[in-house]
Structures are given as C-alpha cells and as structure tokens.
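Data file: data.cif. Format and content: mmCIF, C-alpha atoms, pLDDT in the B column; chains and numbers go by the auth columns.
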data_run
#
loop_
_atom_site.group_PDB
_atom_site.id
_atom_site.type_symbol
_atom_site.label_atom_id
_atom_site.label_comp_id
_atom_site.label_asym_id
_atom_site.label_seq_id
_atom_site.Cartn_x
_atom_site.Cartn_y
_atom_site.Cartn_z
_atom_site.B_iso_or_equiv
_atom_site.auth_seq_id
_atom_site.auth_asym_id
ATOM 1 C CA MET A 1 0.000 0.000 0.000 60.00 1 A
ATOM 2 C CA PRO A 2 1.445 3.414 -0.931 63.00 2 A
ATOM 3 C CA ILE A 3 2.308 5.826 1.827 60.00 3 A
ATOM 4 C CA LYS A 4 1.505 9.520 1.601 65.00 4 A
ATOM 5 C CA THR A 5 4.374 11.289 3.287 57.00 5 A
ATOM 6 C CA LYS A 6 3.386 14.938 2.848 60.00 6 A
ATOM 7 C CA GLU A 7 0.679 17.299 1.639 67.00 7 A
ATOM 8 C CA LEU A 8 1.635 19.643 -1.165 65.00 8 A
ATOM 9 C CA THR A 9 0.835 23.307 -1.398 70.00 9 A
ATOM 10 C CA PRO A 10 0.892 25.377 -4.574 72.00 10 A
ATOM 11 C CA PRO A 11 4.239 27.094 -5.211 71.00 11 A
ATOM 12 C CA THR A 12 4.795 30.716 -4.312 76.00 12 A
ATOM 13 C CA GLY A 13 7.463 33.263 -5.186 82.00 13 A
ATOM 14 C CA LEU A 14 10.194 32.021 -7.527 83.00 14 A
ATOM 15 C CA GLY A 15 8.682 28.535 -7.653 78.00 15 A
ATOM 16 C CA ARG A 16 5.439 29.974 -9.009 78.00 16 A
ATOM 17 C CA ILE A 17 7.331 31.926 -11.677 81.00 17 A
ATOM 18 C CA LEU A 18 9.182 28.776 -12.770 83.00 18 A
ATOM 19 C CA PHE A 19 5.937 26.774 -12.941 80.00 19 A
ATOM 20 C CA ARG A 20 4.411 29.440 -15.179 85.00 20 A
ATOM 21 C CA LEU A 21 7.328 29.767 -17.634 88.00 21 A
ATOM 22 C CA PRO A 22 5.925 27.188 -20.124 93.00 22 A
ATOM 23 C CA ILE A 23 2.858 29.425 -20.574 94.00 23 A
ATOM 24 C CA TRP A 24 5.144 31.919 -22.313 92.00 24 A
ATOM 25 C CA LEU A 25 6.233 29.269 -24.805 93.00 25 A
ATOM 26 C CA TYR A 26 2.602 28.881 -25.829 94.00 26 A
ATOM 27 C CA ARG A 27 2.023 32.632 -25.918 93.00 27 A
ATOM 28 C CA LEU A 28 5.041 33.004 -28.210 94.00 28 A
ATOM 29 C CA GLY A 29 3.622 30.324 -30.528 94.00 29 A
ATOM 30 C CA LEU A 30 6.241 27.767 -29.481 94.00 30 A
ATOM 31 C CA GLY A 31 4.089 25.532 -27.275 92.00 31 A
ATOM 32 C CA GLY A 32 4.125 22.806 -29.888 92.00 32 A
ATOM 33 C CA LEU A 33 7.798 22.244 -29.043 94.00 33 A
ATOM 34 C CA LEU A 34 6.591 20.635 -25.794 93.00 34 A
ATOM 35 C CA GLY A 35 4.860 17.931 -27.836 93.00 35 A
ATOM 36 C CA LYS A 36 2.090 15.857 -26.323 94.00 36 A
ATOM 37 C CA ARG A 37 3.713 15.699 -22.854 92.00 37 A
ATOM 38 C CA PHE A 38 2.223 19.040 -21.817 95.00 38 A
ATOM 39 C CA VAL A 39 -1.065 20.792 -22.431 97.00 39 A
ATOM 40 C CA LEU A 40 -2.030 24.461 -22.176 97.00 40 A
ATOM 41 C CA VAL A 41 -5.416 24.758 -20.464 98.00 41 A
ATOM 42 C CA ASN A 42 -7.432 27.958 -20.759 97.00 42 A
ATOM 43 C CA HIS A 43 -9.991 28.484 -18.015 97.00 43 A
ATOM 44 C CA MET A 44 -12.138 31.224 -16.516 96.00 44 A
ATOM 45 C CA GLY A 45 -11.585 32.356 -12.944 95.00 45 A
ATOM 46 C CA ARG A 46 -14.631 31.255 -10.951 93.00 46 A
ATOM 47 C CA LYS A 47 -14.491 34.362 -8.722 92.00 47 A
ATOM 48 C CA SER A 48 -12.752 36.966 -10.885 94.00 48 A
ATOM 49 C CA GLY A 49 -14.271 35.989 -14.244 93.00 49 A
ATOM 50 C CA LYS A 50 -10.836 36.643 -15.799 96.00 50 A
ATOM 51 C CA GLU A 51 -9.213 34.372 -18.366 96.00 51 A
ATOM 52 C CA ARG A 52 -6.532 32.143 -16.845 96.00 52 A
ATOM 53 C CA GLN A 53 -4.019 29.631 -18.203 97.00 53 A
ATOM 54 C CA ALA A 54 -2.089 26.670 -16.848 96.00 54 A
ATOM 55 C CA VAL A 55 0.396 24.289 -18.465 96.00 55 A
ATOM 56 C CA LEU A 56 -0.011 20.770 -17.124 95.00 56 A
ATOM 57 C CA GLU A 57 1.800 17.473 -17.598 92.00 57 A
ATOM 58 C CA VAL A 58 -0.204 14.937 -19.588 95.00 58 A
ATOM 59 C CA VAL A 59 -0.703 11.556 -17.911 95.00 59 A
ATOM 60 C CA ASP A 60 -2.658 10.027 -20.797 96.00 60 A
ATOM 61 C CA TYR A 61 -3.321 11.030 -24.400 97.00 61 A
ATOM 62 C CA ASP A 62 -5.463 9.012 -26.787 96.00 62 A
ATOM 63 C CA ASN A 63 -4.500 9.697 -30.421 94.00 63 A
ATOM 64 C CA GLU A 64 -7.814 8.422 -31.758 96.00 64 A
ATOM 65 C CA SER A 65 -10.263 10.270 -29.506 96.00 65 A
ATOM 66 C CA GLN A 66 -7.804 13.089 -28.651 96.00 66 A
ATOM 67 C CA ARG A 67 -8.789 12.815 -24.991 98.00 67 A
ATOM 68 C CA VAL A 68 -6.181 14.300 -22.656 98.00 68 A
ATOM 69 C CA VAL A 69 -5.850 13.361 -18.971 98.00 69 A
ATOM 70 C CA VAL A 70 -3.988 15.418 -16.361 97.00 70 A
ATOM 71 C CA THR A 71 -3.578 15.317 -12.593 94.00 71 A
ATOM 72 C CA ALA A 72 -4.474 18.065 -10.132 93.00 72 A
ATOM 73 C CA ALA A 73 -1.220 17.796 -8.187 84.00 73 A
ATOM 74 C CA PHE A 74 -2.411 20.008 -5.346 85.00 74 A
ATOM 75 C CA GLY A 75 -5.744 18.220 -4.994 88.00 75 A
ATOM 76 C CA GLU A 76 -9.026 20.057 -4.638 90.00 76 A
ATOM 77 C CA LYS A 77 -7.155 23.283 -3.750 86.00 77 A
ATOM 78 C CA THR A 78 -5.826 23.543 -7.303 91.00 78 A
ATOM 79 C CA ALA A 79 -7.202 26.750 -8.821 92.00 79 A
ATOM 80 C CA TRP A 80 -7.504 25.513 -12.421 96.00 80 A
ATOM 81 C CA TYR A 81 -9.314 22.400 -11.173 97.00 81 A
ATOM 82 C CA GLN A 82 -11.826 24.458 -9.171 97.00 82 A
ATOM 83 C CA ASN A 83 -12.358 26.779 -12.141 97.00 83 A
ATOM 84 C CA LEU A 84 -12.982 23.893 -14.551 98.00 84 A
ATOM 85 C CA MET A 85 -15.391 22.175 -12.199 97.00 85 A
ATOM 86 C CA SER A 86 -17.517 25.349 -12.229 96.00 86 A
ATOM 87 C CA GLN A 87 -17.136 25.924 -16.014 97.00 87 A
ATOM 88 C CA PRO A 88 -16.108 22.646 -17.692 97.00 88 A
ATOM 89 C CA ASP A 89 -16.173 23.753 -21.363 98.00 89 A
ATOM 90 C CA THR A 90 -12.901 25.354 -22.444 98.00 90 A
ATOM 91 C CA THR A 91 -10.057 25.260 -24.950 98.00 91 A
ATOM 92 C CA ILE A 92 -6.703 23.525 -24.723 98.00 92 A
ATOM 93 C CA GLN A 93 -3.579 23.316 -26.847 97.00 93 A
ATOM 94 C CA ILE A 94 -1.647 20.065 -27.064 97.00 94 A
ATOM 95 C CA GLY A 95 1.321 20.059 -29.392 94.00 95 A
ATOM 96 C CA TRP A 96 0.447 22.459 -32.196 95.00 96 A
ATOM 97 C CA GLN A 97 -3.257 21.578 -32.032 95.00 97 A
ATOM 98 C CA LYS A 98 -5.940 23.717 -30.383 96.00 98 A
ATOM 99 C CA LEU A 99 -9.143 21.969 -29.287 97.00 99 A
ATOM 100 C CA GLN A 100 -12.509 22.931 -27.826 98.00 100 A
ATOM 101 C CA VAL A 101 -13.108 20.480 -24.986 98.00 101 A
ATOM 102 C CA THR A 102 -15.227 19.679 -22.012 98.00 102 A
ATOM 103 C CA SER A 103 -13.530 18.693 -18.771 98.00 103 A
ATOM 104 C CA LYS A 104 -14.634 16.112 -16.252 98.00 104 A
ATOM 105 C CA GLN A 105 -13.121 14.626 -13.105 98.00 105 A
ATOM 106 C CA LEU A 106 -12.451 10.933 -13.635 98.00 106 A
ATOM 107 C CA GLN A 107 -13.736 8.231 -11.313 98.00 107 A
ATOM 108 C CA ALA A 108 -11.163 6.804 -8.889 97.00 108 A
ATOM 109 C CA GLN A 109 -11.040 3.383 -10.553 97.00 109 A
ATOM 110 C CA GLU A 110 -10.361 4.856 -14.003 98.00 110 A
ATOM 111 C CA SER A 111 -7.691 7.159 -12.533 97.00 111 A
ATOM 112 C CA GLY A 112 -6.008 4.141 -10.941 96.00 112 A
ATOM 113 C CA GLU A 113 -5.880 2.255 -14.237 97.00 113 A
ATOM 114 C CA ILE A 114 -4.553 5.308 -16.096 97.00 114 A
ATOM 115 C CA LEU A 115 -1.727 5.844 -13.591 94.00 115 A
ATOM 116 C CA LEU A 116 -0.831 2.141 -13.663 94.00 116 A
ATOM 117 C CA ASP A 117 -0.669 2.246 -17.467 95.00 117 A
ATOM 118 C CA PHE A 118 1.425 5.446 -17.344 93.00 118 A
ATOM 119 C CA ALA A 119 3.847 3.870 -14.844 92.00 119 A
ATOM 120 C CA LYS A 120 4.294 0.788 -17.033 93.00 120 A
ATOM 121 C CA LYS A 121 4.940 2.846 -20.186 92.00 121 A
ATOM 122 C CA ASN A 122 7.043 5.545 -18.484 89.00 122 A
ATOM 123 C CA PRO A 123 8.704 4.111 -15.359 86.00 123 A
ATOM 124 C CA GLY A 124 11.180 6.990 -15.003 83.00 124 A
ATOM 125 C CA GLU A 125 8.620 9.721 -15.473 84.00 125 A
ATOM 126 C CA ALA A 126 6.144 7.991 -13.169 82.00 126 A
ATOM 127 C CA ARG A 127 8.386 8.867 -10.262 77.00 127 A
ATOM 128 C CA PHE A 128 6.630 12.256 -10.267 75.00 128 A
ATOM 129 C CA VAL A 129 4.378 10.711 -7.610 76.00 129 A
ATOM 130 C CA ASN A 130 7.325 11.049 -5.220 74.00 130 A
ATOM 131 C CA LEU A 131 7.084 14.801 -5.777 68.00 131 A
ATOM 132 C CA LEU A 132 3.404 14.560 -4.897 77.00 132 A
ATOM 133 C CA GLY A 133 4.280 13.060 -1.533 79.00 133 A
ATOM 134 C CA TYR A 134 3.759 9.343 -2.211 82.00 134 A
ATOM 135 C CA GLU A 135 6.089 6.418 -1.624 83.00 135 A
ATOM 136 C CA VAL A 136 5.316 3.642 -4.103 85.00 136 A
ATOM 137 C CA ASP A 137 6.834 0.158 -3.960 87.00 137 A
ATOM 138 C CA GLY A 138 6.430 -0.312 -7.733 86.00 138 A
ATOM 139 C CA SER A 139 3.678 -2.921 -7.583 90.00 139 A
ATOM 140 C CA ASP A 140 0.593 -2.671 -9.783 93.00 140 A
ATOM 141 C CA GLU A 141 -1.535 -2.409 -6.640 93.00 141 A
ATOM 142 C CA ASP A 142 0.468 0.572 -5.361 90.00 142 A
ATOM 143 C CA TRP A 143 0.266 2.428 -8.681 91.00 143 A
ATOM 144 C CA ARG A 144 -3.477 1.802 -8.857 94.00 144 A
ATOM 145 C CA ALA A 145 -3.996 2.963 -5.268 92.00 145 A
ATOM 146 C CA VAL A 146 -2.074 6.209 -5.851 90.00 146 A
ATOM 147 C CA GLY A 147 -4.031 6.843 -9.052 92.00 147 A
ATOM 148 C CA GLU A 148 -7.287 6.309 -7.174 94.00 148 A
ATOM 149 C CA ASP A 149 -6.173 8.839 -4.553 92.00 149 A
ATOM 150 C CA LEU A 150 -5.226 11.527 -7.090 92.00 150 A
ATOM 151 C CA ILE A 151 -7.683 13.863 -8.781 95.00 151 A
ATOM 152 C CA MET A 152 -7.488 13.322 -12.523 97.00 152 A
ATOM 153 C CA VAL A 153 -9.303 15.416 -15.100 98.00 153 A
ATOM 154 C CA GLY A 154 -10.097 14.308 -18.635 98.00 154 A
ATOM 155 C CA PHE A 155 -10.450 16.776 -21.514 98.00 155 A
ATOM 156 C CA THR A 156 -12.683 15.421 -24.263 98.00 156 A
ATOM 157 C CA PRO A 157 -13.076 17.285 -27.580 98.00 157 A
ATOM 158 C CA LEU A 158 -16.545 18.700 -28.218 95.00 158 A
#

Here is a file; write its structure as structure tokens.
Amino acid sequence: MPIKTKELTPPTGLGRILFRLPIWLYRLGLGGLLGKRFVLVNHMGRKSGKERQAVLEVVDYDNESQRVVVTAAFGEKTAWYQNLMSQPDTTIQIGWQKLQVTSKQLQAQESGEILLDFAKKNPGEARFVNLLGYEVDGSDEDWRAVGEDLIMVGFTPL
C-alpha cells in the first residue's frame, strides 16, 4: 500500500514563476515544441471571471479520440481544477493543435488504471508521484492505489 508522506501546497514566489514559464512558450507560438507531454489549459476564474491559463503534464493522451488526462497535483485546492469544475467547457492546446473540450473529473477506478498504465509505459517519469508526496513500492496495486487517490481530469473534444 502506498504511503503519503506529505501534503503539497501550490508554489509561491520564484517557484510559481518557474511553474508558469511554459505558458510563455505557448504565448510566443512555441508551445508545440513541448509535444504531447504538456497541455495548455485555458480556463475562466470562478471568482474573478478573468481568463486564466495553466500548463499541465499529460498523464494520458489518446490519439484516436484526442482525450487528454492530467492530474491536479495540489488536490481540490488547485485553482484551475476548481475553475474547470464550475465551467467545464474550455479550450486547450496540445502540441500544435488547439481543441474545444469539455472537462470532467475521472472516477477513482479509471484514474487508478490510467496511472498504472502510465507507470508501465514511463517508469522513469512515473516517479513524479514522489514529488506529490507518495512512496510507491512499484507494484501494480500501489500504482493503482495512488491513481485512485489523485484527482485526474479528462479533456474530451466537443
């Protein structure tokens, strides 16, 4: 069984600036250089009503359906997650492609299977769960359990 060793909080100061740097790649028209590993998500502030953006790491991308899955690393406190749950229809850019999508939180079981699949295909990159405060022994059961504990959001083209 995976162990959660710490709770994360969104970055502040210099860490926040570094997290937001990839947004400028997209604004400069160079976001496609990040390939299908990252996605630019446009969303509307639920309180301010202002347009917001976030660049997120892709956990799953289906070439056929073009569905994109990401993780809300900071849980329910994540601003983009809260904004999308109040206004799920938005636009994203993955690679060079811009899509109109609807967003939806995935069920725990589906999230578990997606993370397990990601870990099998990308064992080195799957270690990001350590950054999220989890210790995983590498078993399928551990990967599934962590995935079920994380909040994952799917973006499906309209």

Return as a tab-separated table (two decimals) with C-alpha atoms, in the coordinates of the input the set of residues that the PyMOL selection byres ((chain A and resi 56-64) around 9) yields on the displayed structure.
chain	number	residue	atom	x	y	z
A	36	LYS	CA	2.09	15.86	-26.32
A	37	ARG	CA	3.71	15.70	-22.85
A	38	PHE	CA	2.22	19.04	-21.82
A	39	VAL	CA	-1.06	20.79	-22.43
A	40	LEU	CA	-2.03	24.46	-22.18
A	41	VAL	CA	-5.42	24.76	-20.46
A	54	ALA	CA	-2.09	26.67	-16.85
A	55	VAL	CA	0.40	24.29	-18.46
A	65	SER	CA	-10.26	10.27	-29.51
A	66	GLN	CA	-7.80	13.09	-28.65
A	67	ARG	CA	-8.79	12.82	-24.99
A	68	VAL	CA	-6.18	14.30	-22.66
A	69	VAL	CA	-5.85	13.36	-18.97
A	70	VAL	CA	-3.99	15.42	-16.36
A	71	THR	CA	-3.58	15.32	-12.59
A	72	ALA	CA	-4.47	18.07	-10.13
A	114	ILE	CA	-4.55	5.31	-16.10
A	115	LEU	CA	-1.73	5.84	-13.59
A	117	ASP	CA	-0.67	2.25	-17.47
A	118	PHE	CA	1.42	5.45	-17.34
A	152	MET	CA	-7.49	13.32	-12.52
A	154	GLY	CA	-10.10	14.31	-18.64

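Residue selection for this entry, given the PyMOL selection byres ((chain A and resi 140) around 10), comprises Gly112, Glu113, Leu115, Leu116, Asp117, Ala119, Lys120, Val136, Asp137, Gly138, Ser139, Glu141, Asp142, Trp143, Arg144 and Ala145 of chain A.
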
List, as a compact mmCIF listing (two decimals) with C-alpha atoms, in the frame of the given file, every residue that the PyMOL selection byres ((chain A and resi 81) around 10) selects in the file provided.
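Writing the result to result18.txt gives the following:
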# COMPACT_ATOMS: atom_id res chain seq x y z
CA HIS A 43 -9.99 28.48 -18.02
CA THR A 71 -3.58 15.32 -12.59
CA ALA A 72 -4.47 18.07 -10.13
CA ALA A 73 -1.22 17.80 -8.19
CA PHE A 74 -2.41 20.01 -5.35
CA GLY A 75 -5.74 18.22 -4.99
CA GLU A 76 -9.03 20.06 -4.64
CA LYS A 77 -7.16 23.28 -3.75
CA THR A 78 -5.83 23.54 -7.30
CA ALA A 79 -7.20 26.75 -8.82
CA TRP A 80 -7.50 25.51 -12.42
CA GLN A 82 -11.83 24.46 -9.17
CA ASN A 83 -12.36 26.78 -12.14
CA LEU A 84 -12.98 23.89 -14.55
CA MET A 85 -15.39 22.18 -12.20
CA SER A 86 -17.52 25.35 -12.23
CA GLN A 87 -17.14 25.92 -16.01
CA PRO A 88 -16.11 22.65 -17.69
CA SER A 103 -13.53 18.69 -18.77
CA LYS A 104 -14.63 16.11 -16.25
CA GLN A 105 -13.12 14.63 -13.10
CA ILE A 151 -7.68 13.86 -8.78
CA MET A 152 -7.49 13.32 -12.52
CA VAL A 153 -9.30 15.42 -15.10

Legend entry - Pick from A:Thr90, A:Thr156, A:Asn122, A:Ser111 nearest to Met44 (chain A), counting all atoms listed in the file: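 Selected residue with least distance to Met44 (chain A): A:Thr90.
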
Inset, instruction - Measure the distance from CA of Gly35 (chain A) to CA of Arg16 (chain A) in Å and round it to one decimal. - result: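 For CA of Gly35 (chain A) relative to CA of Arg16 (chain A), the distance reads 22.4 Å.
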
Legend entry - CA of Gln53 (chain A) to CA of Ile23 (chain A), distance in Å rounded to a single decimal: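 We find that CA of Gln53 (chain A) and CA of Ile23 (chain A) lie 7.3 Å from each other.
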
Legend entry - Computed interatomic separation between CA of Ile92 (chain A) and CA of Tyr26 (chain A) (Å):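 About the pair CA of Ile92 (chain A) and CA of Tyr26 (chain A): they are 10.8 Å apart.
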
Inset, instruction - May I ask which of the residues A:Leu150, A:Ile94, A:Leu99, A:Leu18 is the closest one to Leu30 (chain A), counting all atoms listed in the file? - result: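 Closest candidate: A:Ile94.
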